[in-house]
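Next comes entry.tsv, with TSV, C-alpha atoms.
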chain	number	residue	atom	x	y	z
O	1	MET	CA	81.75	-74.19	-31.37
O	2	ALA	CA	78.79	-71.86	-30.71
O	3	LYS	CA	76.53	-71.20	-33.69
O	4	ILE	CA	75.07	-67.69	-33.70
O	5	LEU	CA	72.10	-66.48	-35.74
O	6	LEU	CA	72.54	-62.98	-37.17
O	7	THR	CA	69.84	-60.99	-38.96
O	8	SER	CA	71.16	-58.29	-41.28
O	9	GLY	CA	70.16	-55.72	-43.89
O	10	PRO	CA	66.76	-54.20	-44.65
O	11	THR	CA	63.61	-55.97	-45.79
O	12	ARG	CA	61.13	-54.79	-48.41
O	13	GLN	CA	57.36	-54.61	-48.19
O	14	TYR	CA	55.82	-54.27	-51.63
O	15	LEU	CA	52.71	-52.17	-52.34
O	16	ASP	CA	52.45	-53.56	-55.87
O	17	PRO	CA	54.90	-55.30	-58.27
O	18	VAL	CA	57.07	-52.14	-58.44
O	19	ARG	CA	56.81	-49.93	-55.35
O	20	TYR	CA	57.92	-50.89	-51.83
O	21	LEU	CA	58.64	-49.59	-48.36
O	22	THR	CA	62.18	-50.08	-47.06
O	23	ASN	CA	65.11	-48.32	-45.38
O	24	ALA	CA	68.76	-47.68	-46.25
O	25	SER	CA	70.28	-50.44	-44.09
O	26	SER	CA	73.35	-51.57	-46.05
O	27	GLY	CA	74.28	-54.77	-44.21
O	28	GLN	CA	77.69	-53.27	-43.31
O	29	MET	CA	77.17	-53.66	-39.56
O	30	GLY	CA	75.92	-57.23	-40.19
O	31	ALA	CA	79.01	-58.07	-42.25
O	32	ALA	CA	81.28	-56.56	-39.56
O	33	LEU	CA	79.52	-58.57	-36.84
O	34	ALA	CA	79.75	-61.77	-38.92
O	35	THR	CA	83.51	-61.23	-39.29
O	36	ALA	CA	83.89	-60.54	-35.55
O	37	ILE	CA	81.85	-63.66	-34.69
O	38	ILE	CA	84.01	-65.84	-36.95
O	39	ASP	CA	87.22	-64.23	-35.61
O	40	ALA	CA	86.04	-65.05	-32.07
O	41	GLY	CA	85.86	-68.73	-33.07
O	42	HIS	CA	82.10	-69.08	-33.46
O	43	ASP	CA	79.89	-70.14	-36.39
O	44	VAL	CA	77.41	-67.70	-37.90
O	45	VAL	CA	74.26	-68.05	-39.99
O	46	ILE	CA	73.17	-64.73	-41.52
O	47	VAL	CA	69.56	-64.24	-42.57
O	48	SER	CA	69.82	-61.16	-44.77
O	49	GLY	CA	67.51	-58.88	-46.72
O	50	PRO	CA	68.68	-57.49	-50.11
O	51	VAL	CA	72.11	-55.81	-49.76
O	52	HIS	CA	75.03	-54.98	-52.06
O	53	ILE	CA	77.85	-55.84	-49.65
O	54	THR	CA	79.66	-59.17	-49.47
O	55	TYR	CA	79.46	-61.27	-46.30
O	56	PRO	CA	82.53	-63.27	-45.15
O	57	ASP	CA	83.00	-66.58	-47.02
O	58	ALA	CA	82.89	-68.56	-43.77
O	59	ALA	CA	79.36	-67.33	-42.99
O	60	GLN	CA	76.28	-69.26	-44.06
O	61	VAL	CA	73.94	-66.76	-45.73
O	62	VAL	CA	70.18	-67.16	-46.22
O	63	ASP	CA	68.60	-64.49	-48.45
O	64	VAL	CA	65.14	-63.10	-47.75
O	65	LEU	CA	63.07	-60.22	-49.13
O	66	THR	CA	60.23	-59.49	-46.71
O	67	THR	CA	59.93	-59.38	-42.92
O	68	ASP	CA	57.65	-62.44	-42.95
O	69	GLU	CA	60.35	-64.39	-44.83
O	70	LEU	CA	62.96	-63.17	-42.33
O	71	MET	CA	60.77	-64.39	-39.48
O	72	MET	CA	60.14	-67.78	-41.08
O	73	GLN	CA	63.83	-68.45	-41.75
O	74	CYS	CA	64.87	-67.30	-38.27
O	75	GLN	CA	62.34	-69.52	-36.57
O	76	GLN	CA	63.68	-72.51	-38.50
O	77	ILE	CA	67.34	-71.74	-37.75
O	78	PHE	CA	67.18	-70.38	-34.17
O	79	PRO	CA	66.64	-73.75	-32.39
O	80	GLU	CA	70.12	-74.92	-33.49
O	81	CYS	CA	71.82	-71.68	-32.34
O	82	VAL	CA	73.05	-70.50	-28.93
O	83	GLY	CA	71.73	-67.01	-29.54
O	84	VAL	CA	70.61	-64.37	-32.00
O	85	ILE	CA	71.91	-60.90	-32.81
O	86	GLY	CA	69.27	-58.81	-34.55
O	87	VAL	CA	71.07	-56.08	-36.47
O	88	ALA	CA	68.69	-56.25	-39.46
O	89	ALA	CA	66.39	-53.28	-39.97
O	90	PRO	CA	63.25	-55.19	-40.98
O	91	CYS	CA	60.54	-53.06	-42.54
O	92	ASP	CA	58.04	-52.93	-39.68
O	93	TYR	CA	54.97	-51.93	-41.69
O	94	LYS	CA	53.34	-53.59	-44.68
O	95	VAL	CA	50.21	-52.90	-46.73
O	96	GLU	CA	47.23	-55.04	-45.79
O	97	LYS	CA	46.93	-56.35	-49.35
O	98	VAL	CA	49.64	-56.20	-52.02
O	99	SER	CA	48.22	-55.23	-55.43
O	100	ASP	CA	48.92	-57.79	-58.21
O	101	THR	CA	49.18	-55.01	-60.78
O	102	LYS	CA	51.02	-51.69	-60.67
O	103	LEU	CA	48.78	-49.10	-58.97
O	104	ALA	CA	47.88	-46.50	-61.60
O	105	LYS	CA	48.12	-42.82	-60.65
O	106	SER	CA	44.65	-41.30	-60.45
O	107	GLY	CA	45.62	-37.71	-59.69
O	108	ASP	CA	43.95	-38.03	-56.30
O	109	GLY	CA	46.74	-39.36	-54.13
O	110	LEU	CA	46.58	-42.64	-52.29
O	111	ILE	CA	45.54	-43.72	-48.81
O	112	LEU	CA	47.70	-46.61	-47.62
O	113	LYS	CA	46.52	-48.69	-44.70
O	114	LEU	CA	49.62	-50.22	-43.16
O	115	VAL	CA	49.72	-52.98	-40.58
O	116	GLU	CA	52.71	-53.94	-38.44
O	117	THR	CA	54.90	-56.81	-39.56
O	118	PRO	CA	55.88	-59.48	-37.00
O	119	ASP	CA	58.68	-58.42	-34.63
O	120	VAL	CA	61.41	-60.98	-35.31
O	121	ILE	CA	63.66	-60.33	-32.30
O	122	ALA	CA	60.70	-60.04	-29.89
O	123	THR	CA	59.38	-63.38	-31.15
O	124	LEU	CA	62.75	-65.13	-30.82
O	125	GLY	CA	63.35	-63.40	-27.46
O	126	ARG	CA	60.11	-64.81	-26.08
O	127	GLN	CA	60.74	-68.27	-27.57
O	128	LYS	CA	64.35	-68.66	-26.43
O	129	THR	CA	65.21	-71.42	-23.97
O	130	ASP	CA	67.22	-70.90	-20.76
O	131	ARG	CA	70.37	-71.77	-22.70
O	132	GLN	CA	69.76	-69.25	-25.47
O	133	TRP	CA	70.13	-65.47	-25.58
O	134	ALA	CA	68.98	-62.58	-27.77
O	135	VAL	CA	70.76	-59.30	-28.50
O	136	GLY	CA	68.70	-56.54	-30.07
O	137	PHE	CA	69.56	-53.28	-31.79
O	138	ALA	CA	67.53	-50.13	-31.29
O	139	LEU	CA	67.82	-47.35	-33.82
O	140	GLU	CA	66.38	-44.26	-32.18
O	141	THR	CA	66.22	-40.62	-33.24
O	142	HIS	CA	65.00	-39.29	-29.86
O	143	ASP	CA	64.64	-40.45	-26.21
O	144	ALA	CA	67.12	-43.17	-27.20
O	145	HIS	CA	67.96	-44.60	-23.76
O	146	PHE	CA	64.35	-44.77	-22.51
O	147	ARG	CA	63.02	-46.24	-25.76
O	148	ALA	CA	65.82	-48.80	-25.95
O	149	VAL	CA	65.19	-50.04	-22.38
O	150	MET	CA	61.46	-50.38	-23.13
O	151	LYS	CA	62.29	-52.33	-26.31
O	152	MET	CA	64.75	-54.60	-24.48
O	153	GLN	CA	62.08	-55.55	-21.93
O	154	LYS	CA	59.34	-56.00	-24.55
O	155	LYS	CA	61.62	-58.08	-26.77
O	156	CYS	CA	63.06	-60.16	-23.86
O	157	CYS	CA	66.61	-59.30	-24.93
O	158	ASP	CA	69.70	-60.04	-22.83
O	159	LEU	CA	71.58	-57.02	-24.21
O	160	MET	CA	70.46	-54.06	-26.30
O	161	VAL	CA	72.71	-52.05	-28.60
O	162	VAL	CA	71.52	-48.49	-29.17
O	163	ASN	CA	72.52	-46.42	-32.18
O	164	GLY	CA	71.20	-43.44	-34.12
O	165	ALA	CA	70.02	-42.95	-37.71
O	166	GLY	CA	73.59	-41.81	-38.56
O	167	ALA	CA	74.60	-45.48	-38.40
O	168	ILE	CA	72.62	-46.35	-41.52
O	169	ASN	CA	74.78	-46.93	-44.59
O	170	SER	CA	77.78	-45.32	-42.86
O	171	PRO	CA	81.26	-46.88	-42.36
O	172	ARG	CA	81.24	-45.76	-38.70
O	173	ASN	CA	78.92	-46.24	-35.77
O	174	GLN	CA	78.40	-44.88	-32.26
O	175	ILE	CA	76.81	-47.34	-29.85
O	176	THR	CA	75.73	-47.81	-26.27
O	177	ILE	CA	75.33	-51.36	-24.92
O	178	LEU	CA	72.61	-51.66	-22.28
O	179	ALA	CA	72.08	-54.41	-19.69
O	180	PRO	CA	68.55	-55.76	-19.02
O	181	ASP	CA	68.27	-53.53	-15.92
O	182	GLY	CA	68.79	-50.48	-18.17
O	183	SER	CA	72.32	-49.76	-16.98
O	184	THR	CA	75.00	-48.81	-19.48
O	185	ILE	CA	77.61	-51.55	-20.00
O	186	CYS	CA	79.71	-49.53	-22.42
O	187	GLU	CA	79.71	-46.68	-24.89
O	188	PHE	CA	81.85	-46.93	-28.01
O	189	GLU	CA	82.46	-45.02	-31.22
O	190	GLY	CA	84.55	-46.20	-34.16
O	191	SER	CA	84.57	-48.09	-37.43
O	192	LYS	CA	81.83	-50.70	-37.77
O	193	SER	CA	84.58	-53.31	-37.59
O	194	ASP	CA	85.79	-52.04	-34.17
O	195	VAL	CA	82.20	-51.63	-32.98
O	196	ALA	CA	81.45	-55.24	-34.01
O	197	GLU	CA	84.50	-56.53	-32.08
O	198	THR	CA	83.34	-54.66	-28.97
O	199	ILE	CA	79.83	-56.11	-29.21
O	200	VAL	CA	81.04	-59.69	-29.81
O	201	ARG	CA	83.50	-59.36	-26.90
O	202	GLU	CA	80.67	-58.33	-24.55
O	203	ILE	CA	78.44	-61.16	-25.84
O	204	THR	CA	81.22	-63.72	-25.47
O	205	THR	CA	82.02	-62.56	-21.92
O	206	ARG	CA	78.46	-62.21	-20.68
O	207	LEU	CA	76.37	-64.70	-22.63
O	208	ILE	CA	78.56	-67.49	-24.02
O	209	SER	CA	79.86	-69.51	-21.11
Y	1	MET	CA	77.74	-32.22	-80.41
Y	2	ALA	CA	74.22	-32.83	-79.05
Y	3	LYS	CA	73.90	-32.79	-75.27
Y	4	ILE	CA	71.25	-35.19	-73.98
Y	5	LEU	CA	69.67	-35.19	-70.53
Y	6	LEU	CA	69.14	-38.66	-69.07
Y	7	THR	CA	67.26	-39.41	-65.86
Y	8	SER	CA	68.19	-42.73	-64.23
Y	9	GLY	CA	67.69	-44.88	-61.14
Y	10	PRO	CA	64.99	-44.76	-58.48
Y	11	THR	CA	64.18	-41.93	-56.10
Y	12	ARG	CA	63.29	-42.18	-52.42
Y	13	GLN	CA	60.42	-40.57	-50.57
Y	14	TYR	CA	61.00	-40.66	-46.83
Y	15	LEU	CA	58.20	-41.16	-44.29
Y	16	ASP	CA	60.56	-40.33	-41.41
Y	17	PRO	CA	64.37	-40.30	-40.95
Y	18	VAL	CA	64.54	-44.09	-41.53
Y	19	ARG	CA	61.67	-45.44	-43.65
Y	20	TYR	CA	61.03	-44.61	-47.29
Y	21	LEU	CA	59.09	-45.59	-50.38
Y	22	THR	CA	61.13	-46.60	-53.43
Y	23	ASN	CA	61.50	-49.25	-56.15
Y	24	ALA	CA	64.26	-51.62	-57.27
Y	25	SER	CA	65.45	-49.59	-60.28
Y	26	SER	CA	69.19	-50.30	-60.45
Y	27	GLY	CA	70.34	-47.65	-62.96
Y	28	GLN	CA	71.59	-50.42	-65.29
Y	29	MET	CA	69.39	-49.29	-68.20
Y	30	GLY	CA	70.48	-45.69	-67.53
Y	31	ALA	CA	74.16	-46.68	-67.58
Y	32	ALA	CA	73.65	-48.66	-70.81
Y	33	LEU	CA	71.87	-45.68	-72.43
Y	34	ALA	CA	74.63	-43.28	-71.29
Y	35	THR	CA	77.23	-45.54	-72.92
Y	36	ALA	CA	75.19	-45.79	-76.13
Y	37	ILE	CA	74.72	-41.98	-76.20
Y	38	ILE	CA	78.47	-41.41	-75.79
Y	39	ASP	CA	79.29	-44.10	-78.39
Y	40	ALA	CA	76.93	-42.32	-80.81
Y	41	GLY	CA	79.05	-39.18	-80.41
Y	42	HIS	CA	76.76	-37.17	-78.15
Y	43	ASP	CA	77.22	-35.65	-74.67
Y	44	VAL	CA	75.16	-36.88	-71.74
Y	45	VAL	CA	74.19	-35.42	-68.36
Y	46	ILE	CA	72.72	-38.05	-66.03
Y	47	VAL	CA	70.50	-36.96	-63.15
Y	48	SER	CA	70.43	-40.09	-61.02
Y	49	GLY	CA	68.78	-41.32	-57.85
Y	50	PRO	CA	70.78	-43.55	-55.44
Y	51	VAL	CA	72.25	-46.55	-57.31
Y	52	HIS	CA	75.16	-48.96	-56.83
Y	53	ILE	CA	76.26	-49.15	-60.48
Y	54	THR	CA	78.98	-47.04	-62.07
Y	55	TYR	CA	78.12	-44.66	-64.90
Y	56	PRO	CA	80.61	-44.15	-67.78
Y	57	ASP	CA	83.46	-41.74	-66.96
Y	58	ALA	CA	82.56	-39.48	-69.89
Y	59	ALA	CA	79.08	-38.84	-68.48
Y	60	GLN	CA	78.37	-35.87	-66.22
Y	61	VAL	CA	76.45	-37.23	-63.22
Y	62	VAL	CA	74.23	-35.22	-60.86
Y	63	ASP	CA	73.07	-37.16	-57.77
Y	64	VAL	CA	69.60	-36.67	-56.31
Y	65	LEU	CA	67.55	-38.43	-53.65
Y	66	THR	CA	63.90	-37.42	-54.05
Y	67	THR	CA	61.61	-36.83	-57.02
Y	68	ASP	CA	61.43	-33.11	-56.22
Y	69	GLU	CA	65.24	-32.90	-56.38
Y	70	LEU	CA	65.21	-34.82	-59.68
Y	71	MET	CA	62.68	-32.33	-61.05
Y	72	MET	CA	64.66	-29.30	-59.88
Y	73	GLN	CA	67.95	-30.50	-61.39
Y	74	CYS	CA	66.29	-31.50	-64.67
Y	75	GLN	CA	64.61	-28.13	-65.06
Y	76	GLN	CA	67.97	-26.42	-64.59
Y	77	ILE	CA	69.81	-28.67	-67.06
Y	78	PHE	CA	67.15	-29.27	-69.77
Y	79	PRO	CA	67.37	-25.81	-71.46
Y	80	GLU	CA	70.96	-26.55	-72.55
Y	81	CYS	CA	70.06	-30.00	-73.96
Y	82	VAL	CA	68.57	-31.12	-77.29
Y	83	GLY	CA	66.35	-33.65	-75.58
Y	84	VAL	CA	65.64	-35.81	-72.53
Y	85	ILE	CA	65.40	-39.56	-72.07
Y	86	GLY	CA	63.50	-40.43	-68.90
Y	87	VAL	CA	64.54	-43.92	-67.86
Y	88	ALA	CA	64.53	-43.11	-64.14
Y	89	ALA	CA	61.81	-44.72	-62.04
Y	90	PRO	CA	61.01	-41.74	-59.80
Y	91	CYS	CA	58.93	-42.57	-56.75
Y	92	ASP	CA	55.58	-41.13	-57.78
Y	93	TYR	CA	54.02	-40.87	-54.33
Y	94	LYS	CA	55.23	-39.10	-51.19
Y	95	VAL	CA	53.77	-38.55	-47.73
Y	96	GLU	CA	52.15	-35.16	-47.22
Y	97	LYS	CA	54.46	-34.40	-44.29
Y	98	VAL	CA	57.72	-36.16	-43.48
Y	99	SER	CA	58.10	-36.86	-39.75
Y	100	ASP	CA	61.25	-35.35	-38.18
Y	101	THR	CA	61.52	-38.28	-35.77
Y	102	LYS	CA	61.23	-42.02	-36.37
Y	103	LEU	CA	57.55	-42.99	-36.21
Y	104	ALA	CA	57.12	-45.24	-33.17
Y	105	LYS	CA	55.07	-48.43	-33.56
Y	106	SER	CA	51.81	-48.13	-31.65
Y	107	GLY	CA	50.44	-51.62	-32.29
Y	108	ASP	CA	47.57	-50.08	-34.25
Y	109	GLY	CA	49.01	-49.87	-37.75
Y	110	LEU	CA	49.42	-46.65	-39.68
Y	111	ILE	CA	47.32	-44.73	-42.18
Y	112	LEU	CA	49.57	-43.03	-44.73
Y	113	LYS	CA	48.15	-40.25	-46.83
Y	114	LEU	CA	50.23	-40.12	-49.99
Y	115	VAL	CA	50.19	-37.38	-52.59
Y	116	GLU	CA	51.60	-37.60	-56.12
Y	117	THR	CA	55.08	-36.27	-56.76
Y	118	PRO	CA	55.64	-34.03	-59.80
Y	119	ASP	CA	55.86	-35.89	-63.12
Y	120	VAL	CA	59.34	-35.01	-64.39
Y	121	ILE	CA	59.03	-36.18	-68.00
Y	122	ALA	CA	55.51	-34.73	-68.40
Y	123	THR	CA	56.79	-31.38	-67.12
Y	124	LEU	CA	59.81	-31.35	-69.44
Y	125	GLY	CA	57.63	-32.64	-72.33
Y	126	ARG	CA	55.25	-29.71	-71.93
Y	127	GLN	CA	58.11	-27.20	-71.52
Y	128	LYS	CA	60.22	-28.36	-74.46
Y	129	THR	CA	60.79	-25.97	-77.37
Y	130	ASP	CA	60.25	-26.89	-81.05
Y	131	ARG	CA	63.92	-27.88	-81.23
Y	132	GLN	CA	63.81	-30.19	-78.23
Y	133	TRP	CA	62.40	-33.70	-77.80
Y	134	ALA	CA	61.42	-36.01	-74.94
Y	135	VAL	CA	61.55	-39.80	-74.81
Y	136	GLY	CA	59.65	-41.51	-72.01
Y	137	PHE	CA	59.69	-45.00	-70.55
Y	138	ALA	CA	56.53	-46.75	-69.43
Y	139	LEU	CA	56.80	-49.68	-67.08
Y	140	GLU	CA	53.47	-51.48	-67.22
Y	141	THR	CA	52.26	-54.75	-65.73
Y	142	HIS	CA	48.96	-54.88	-67.70
Y	143	ASP	CA	47.29	-53.16	-70.73
Y	144	ALA	CA	50.84	-52.07	-71.61
Y	145	HIS	CA	50.25	-50.69	-75.14
Y	146	PHE	CA	47.11	-48.72	-74.27
Y	147	ARG	CA	48.57	-47.27	-71.07
Y	148	ALA	CA	51.84	-46.34	-72.78
Y	149	VAL	CA	50.05	-44.46	-75.58
Y	150	MET	CA	47.97	-42.55	-73.02
Y	151	LYS	CA	51.16	-41.69	-71.08
Y	152	MET	CA	52.97	-40.57	-74.26
Y	153	GLN	CA	50.16	-38.14	-75.10
Y	154	LYS	CA	49.82	-36.88	-71.53
Y	155	LYS	CA	53.58	-36.40	-71.20
Y	156	CYS	CA	54.00	-34.83	-74.69
Y	157	CYS	CA	56.69	-37.38	-75.57
Y	158	ASP	CA	58.10	-37.86	-79.06
Y	159	LEU	CA	58.78	-41.56	-78.50
Y	160	MET	CA	57.75	-43.94	-75.72
Y	161	VAL	CA	59.65	-47.07	-74.72
Y	162	VAL	CA	57.45	-49.72	-73.10
Y	163	ASN	CA	58.82	-52.44	-70.82
Y	164	GLY	CA	57.55	-54.71	-68.06
Y	165	ALA	CA	58.40	-55.11	-64.39
Y	166	GLY	CA	60.86	-57.88	-65.40
Y	167	ALA	CA	63.19	-55.12	-66.61
Y	168	ILE	CA	63.85	-53.88	-63.08
Y	169	ASN	CA	67.28	-54.82	-61.75
Y	170	SER	CA	67.75	-57.35	-64.59
Y	171	PRO	CA	70.66	-57.52	-67.07
Y	172	ARG	CA	68.17	-57.97	-69.96
Y	173	ASN	CA	65.18	-56.05	-71.23
Y	174	GLN	CA	62.32	-56.49	-73.69
Y	175	ILE	CA	61.04	-53.26	-75.19
Y	176	THR	CA	58.58	-51.83	-77.67
Y	177	ILE	CA	59.21	-48.35	-79.08
Y	178	LEU	CA	56.00	-46.46	-79.89
Y	179	ALA	CA	55.53	-43.42	-82.14
Y	180	PRO	CA	53.29	-40.52	-81.02
Y	181	ASP	CA	50.40	-41.90	-83.13
Y	182	GLY	CA	50.57	-45.12	-81.09
Y	183	SER	CA	52.09	-47.21	-83.87
Y	184	THR	CA	54.90	-49.64	-83.07
Y	185	ILE	CA	58.28	-48.52	-84.43
Y	186	CYS	CA	60.14	-51.60	-83.26
Y	187	GLU	CA	60.15	-54.45	-80.76
Y	188	PHE	CA	63.44	-55.68	-79.36
Y	189	GLU	CA	64.70	-58.09	-76.73
Y	190	GLY	CA	68.30	-58.45	-75.57
Y	191	SER	CA	70.94	-57.29	-73.11
Y	192	LYS	CA	70.39	-53.77	-71.76
Y	193	SER	CA	73.44	-52.73	-73.76
Y	194	ASP	CA	71.87	-53.92	-77.06
Y	195	VAL	CA	68.50	-52.45	-76.08
Y	196	ALA	CA	70.20	-49.10	-75.35
Y	197	GLU	CA	71.93	-49.09	-78.76
Y	198	THR	CA	68.58	-49.74	-80.47
Y	199	ILE	CA	66.89	-46.88	-78.60
Y	200	VAL	CA	69.71	-44.41	-79.27
Y	201	ARG	CA	69.75	-45.42	-82.97
Y	202	GLU	CA	66.01	-44.65	-83.26
Y	203	ILE	CA	66.44	-41.34	-81.41
Y	204	THR	CA	69.39	-40.32	-83.57
Y	205	THR	CA	67.53	-41.20	-86.80
Y	206	ARG	CA	64.18	-39.66	-85.88
Y	207	LEU	CA	64.88	-36.83	-83.49
Y	208	ILE	CA	68.47	-35.57	-83.88
Y	209	SER	CA	68.79	-33.96	-87.28

Starting from the file, give its structure as structure tokens.
Amino acid sequence: MAKILLTSGPTRQYLDPVRYLTNASSGQMGAALATAIIDAGHDVVIVSGPVHITYPDAAQVVDVLTTDELMMQCQQIFPECVGVIGVAAPCDYKVEKVSDTKLAKSGDGLILKLVETPDVIATLGRQKTDRQWAVGFALETHDAHFRAVMKMQKKCCDLMVVNGAGAINSPRNQITILAPDGSTICEFEGSKSDVAETIVREITTRLIS
Amino acid sequence: MAKILLTSGPTRQYLDPVRYLTNASSGQMGAALATAIIDAGHDVVIVSGPVHITYPDAAQVVDVLTTDELMMQCQQIFPECVGVIGVAAPCDYKVEKVSDTKLAKSGDGLILKLVETPDVIATLGRQKTDRQWAVGFALETHDAHFRAVMKMQKKCCDLMVVNGAGAINSPRNQITILAPDGSTICEFEGSKSDVAETIVREITTRLIS
């Protein structure tokens, strides 16, 4: 039985004990993919940021808060998996230094110097062995196809799923699955459950022998 | 029957269509206060940022996303209310200009210039008539008493409830209620429901004649 690593949900990057940067990723697409993976007869380990949805009982769930925690957990778990699907929306910027105390308002505004967080799927994509695969998600608001192909190459992914900002915290999704050469494998629109089935079917056919 | 305005939950300040600044305010304390207000025989209008909890059916709920929307709704509703309780944790910084498209990672980090959002309770506190009152909440991680008294004066509040960061997204709360002269009216620790009853009892006794 193939064990698949799935990242899901958002992460948070705190500025101080109260304020943080994040996004509205709900974990719905992650939960739908976990269900589709289990239904296809595989095992799934979900590394998930803070969400309010419930993952399937048969999934192993590891909770994380920040992108660094997501990375650390994934690097521990990935070696025992056949592949990774990165549907999480990790916060990709963090402040250089988190304040221990709540930043007091001065009336003058605030200059935040943000640095990039580690790219989890790119790191796993580069580390994967010949027997492993990586499937990335690209959420783009413009030049979607071009940007997704660039990301797929940079992140060493075997497939890339492209969707728009409308996918976030919505019950439905509209996706395009791209092959490493940039060609379109399929386009699909439907409930996240149907979208998840389509993605897992393509992965099973193309990547799990 | 006294109608009370209650702000609740967090707000979001978007950087671009995906990323935003926020905090983990769950709306639990707001829901508990709404219940206590209704149980005390008053009406309540809740202006709430995005939360996953359910407010009592008898409450009128107005949904908002950003601090500016929270401000606009409160200014429309406050004139018909006897007072306001500000338990929301509005995001108090926003970017000067929200990007229409998702900011692409450049590898170089990001400098964010943040400006302060309007202070909702301070604005209502300054606008209130002789017959109206304002109760603020101060979430402090250090110098709590001193900072809360300064906030109460600046925001023209009639009572100030002080709590710590441990209150966020927790079923319990530990509070101190301060009078305008900075003296402690009461200290209380318990479930958010018991804390809410204590606060509404003090408000009813001292502010609703």

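Taking all atoms listed in the file, the non-local environment of Y:Val62 within 12 Å (same-chain residues fewer than 2 positions away omitted) comprises Leu5, Leu6, Thr7, Ser8, Gly9, Val44, Val45, Ile46, Val47, Ser48, Gly49, Pro50, Tyr55, Ala59, Gln60, Val64, Leu65, Glu69, Leu70, Met71, Met72, Gln73, Cys74, Gln76 and Ile77 of chain Y.
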
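The gap separating atom CA of O:Ala144 from atom CA of O:Pro90 is 18.7 Å, in Å to one decimal.
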
With a cut-off of 8 Å and counting all atoms listed in the file, select all residues of chain O in contact with chain Y and give the selection as a CSV table (one decimal) with C-alpha atoms, in the coordinates of the input.
chain,number,residue,atom,x,y,z
O,17,PRO,CA,54.9,-55.3,-58.3
O,18,VAL,CA,57.1,-52.1,-58.4
O,19,ARG,CA,56.8,-49.9,-55.4
O,20,TYR,CA,57.9,-50.9,-51.8
O,21,LEU,CA,58.6,-49.6,-48.4
O,22,THR,CA,62.2,-50.1,-47.1
O,23,ASN,CA,65.1,-48.3,-45.4
O,24,ALA,CA,68.8,-47.7,-46.2
O,52,HIS,CA,75.0,-55.0,-52.1
O,91,CYS,CA,60.5,-53.1,-42.5
O,93,TYR,CA,55.0,-51.9,-41.7
O,101,THR,CA,49.2,-55.0,-60.8
O,102,LYS,CA,51.0,-51.7,-60.7
O,105,LYS,CA,48.1,-42.8,-60.6
O,107,GLY,CA,45.6,-37.7,-59.7
O,108,ASP,CA,44.0,-38.0,-56.3
O,109,GLY,CA,46.7,-39.4,-54.1
O,110,LEU,CA,46.6,-42.6,-52.3
O,111,ILE,CA,45.5,-43.7,-48.8
O,112,LEU,CA,47.7,-46.6,-47.6
O,113,LYS,CA,46.5,-48.7,-44.7
O,114,LEU,CA,49.6,-50.2,-43.2
O,115,VAL,CA,49.7,-53.0,-40.6
O,116,GLU,CA,52.7,-53.9,-38.4
O,140,GLU,CA,66.4,-44.3,-32.2
O,141,THR,CA,66.2,-40.6,-33.2
O,142,HIS,CA,65.0,-39.3,-29.9
O,165,ALA,CA,70.0,-43.0,-37.7

For this session: Could you give me, as JSON, numbers by chain, the residues that sit within 7 Å of (63.5, -56.2, -76.4) in the file's coordinates, counting only C-alpha atoms?
Result: {"Y": [173, 174, 175, 176, 187, 188, 189, 190, 195]}

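Put simply, atom CA of Y:Lys3 is 10.6 Å away from atom CA of Y:Ile208.
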
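Proximity ranking of O:Gly182, O:Val82, O:Val87, O:Val135 relative to O:Leu33 places O:Val87 first, based on only C-alpha atoms.
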
Problem set entry | Separation of atom CA of Y:Trp133 from atom CA of Y:Val84, in Å and rounded to one decimal | 6.5 Å

For this session: Up to 9 Å from (60.0, -58.2, -27.0) in the file's coordinates: name the residues, counting only C-alpha atoms, as a PyMOL selection string.
Result: chain O and resi 119-126+150-157

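Ranking Y:Leu178, Y:Ala58, Y:Cys186, Y:Ala138 by their shortest atom-to-atom distance to Y:Asp158, with only C-alpha atoms included, puts Y:Leu178 first.
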
Enclose stretch 83-101 of chain O, meaning all of its atoms listed in the file, in a box aligned along x, y and z, pad it by 6 Å on each side, and list the centre and edge lengths in Å to one decimal, as lines of an AutoDock Vina configuration file.
center_x = 59.4
center_y = -59.5
center_z = -45.2
size_x = 37.0
size_y = 27.1
size_z = 43.2

For this session: Name the residues in contact with Y:Ser193 at a cut-off of 12 Å, using only C-alpha atoms, excluding same-chain residues fewer than 2 positions from it; report them as a list in words.
Result: Gln28, Met29, Gly30, Ala31, Ala32, Leu33, Ala34, Thr35, Ala36, Ile37, Asp39, Ser170, Pro171, Arg172, Asn173, Gln174, Phe188, Glu189, Gly190, Ser191, Val195, Ala196, Glu197, Thr198, Ile199 and Val200 of chain Y

Suppose we keep C-alpha atoms; can you now write the selection as a short mmCIF file (atom, residue, chain, number, x, y, z; two decimals), keeping the file's coordinate frame?
data_model
loop_
_atom_site.label_atom_id
_atom_site.label_comp_id
_atom_site.auth_asym_id
_atom_site.auth_seq_id
_atom_site.Cartn_x
_atom_site.Cartn_y
_atom_site.Cartn_z
CA GLN Y 28 71.59 -50.42 -65.29
CA MET Y 29 69.39 -49.29 -68.20
CA GLY Y 30 70.48 -45.69 -67.53
CA ALA Y 31 74.16 -46.68 -67.58
CA ALA Y 32 73.65 -48.66 -70.81
CA LEU Y 33 71.87 -45.68 -72.43
CA ALA Y 34 74.63 -43.28 -71.29
CA THR Y 35 77.23 -45.54 -72.92
CA ALA Y 36 75.19 -45.79 -76.13
CA ILE Y 37 74.72 -41.98 -76.20
CA ASP Y 39 79.29 -44.10 -78.39
CA SER Y 170 67.75 -57.35 -64.59
CA PRO Y 171 70.66 -57.52 -67.07
CA ARG Y 172 68.17 -57.97 -69.96
CA ASN Y 173 65.18 -56.05 -71.23
CA GLN Y 174 62.32 -56.49 -73.69
CA PHE Y 188 63.44 -55.68 -79.36
CA GLU Y 189 64.70 -58.09 -76.73
CA GLY Y 190 68.30 -58.45 -75.57
CA SER Y 191 70.94 -57.29 -73.11
CA VAL Y 195 68.50 -52.45 -76.08
CA ALA Y 196 70.20 -49.10 -75.35
CA GLU Y 197 71.93 -49.09 -78.76
CA THR Y 198 68.58 -49.74 -80.47
CA ILE Y 199 66.89 -46.88 -78.60
CA VAL Y 200 69.71 -44.41 -79.27
#
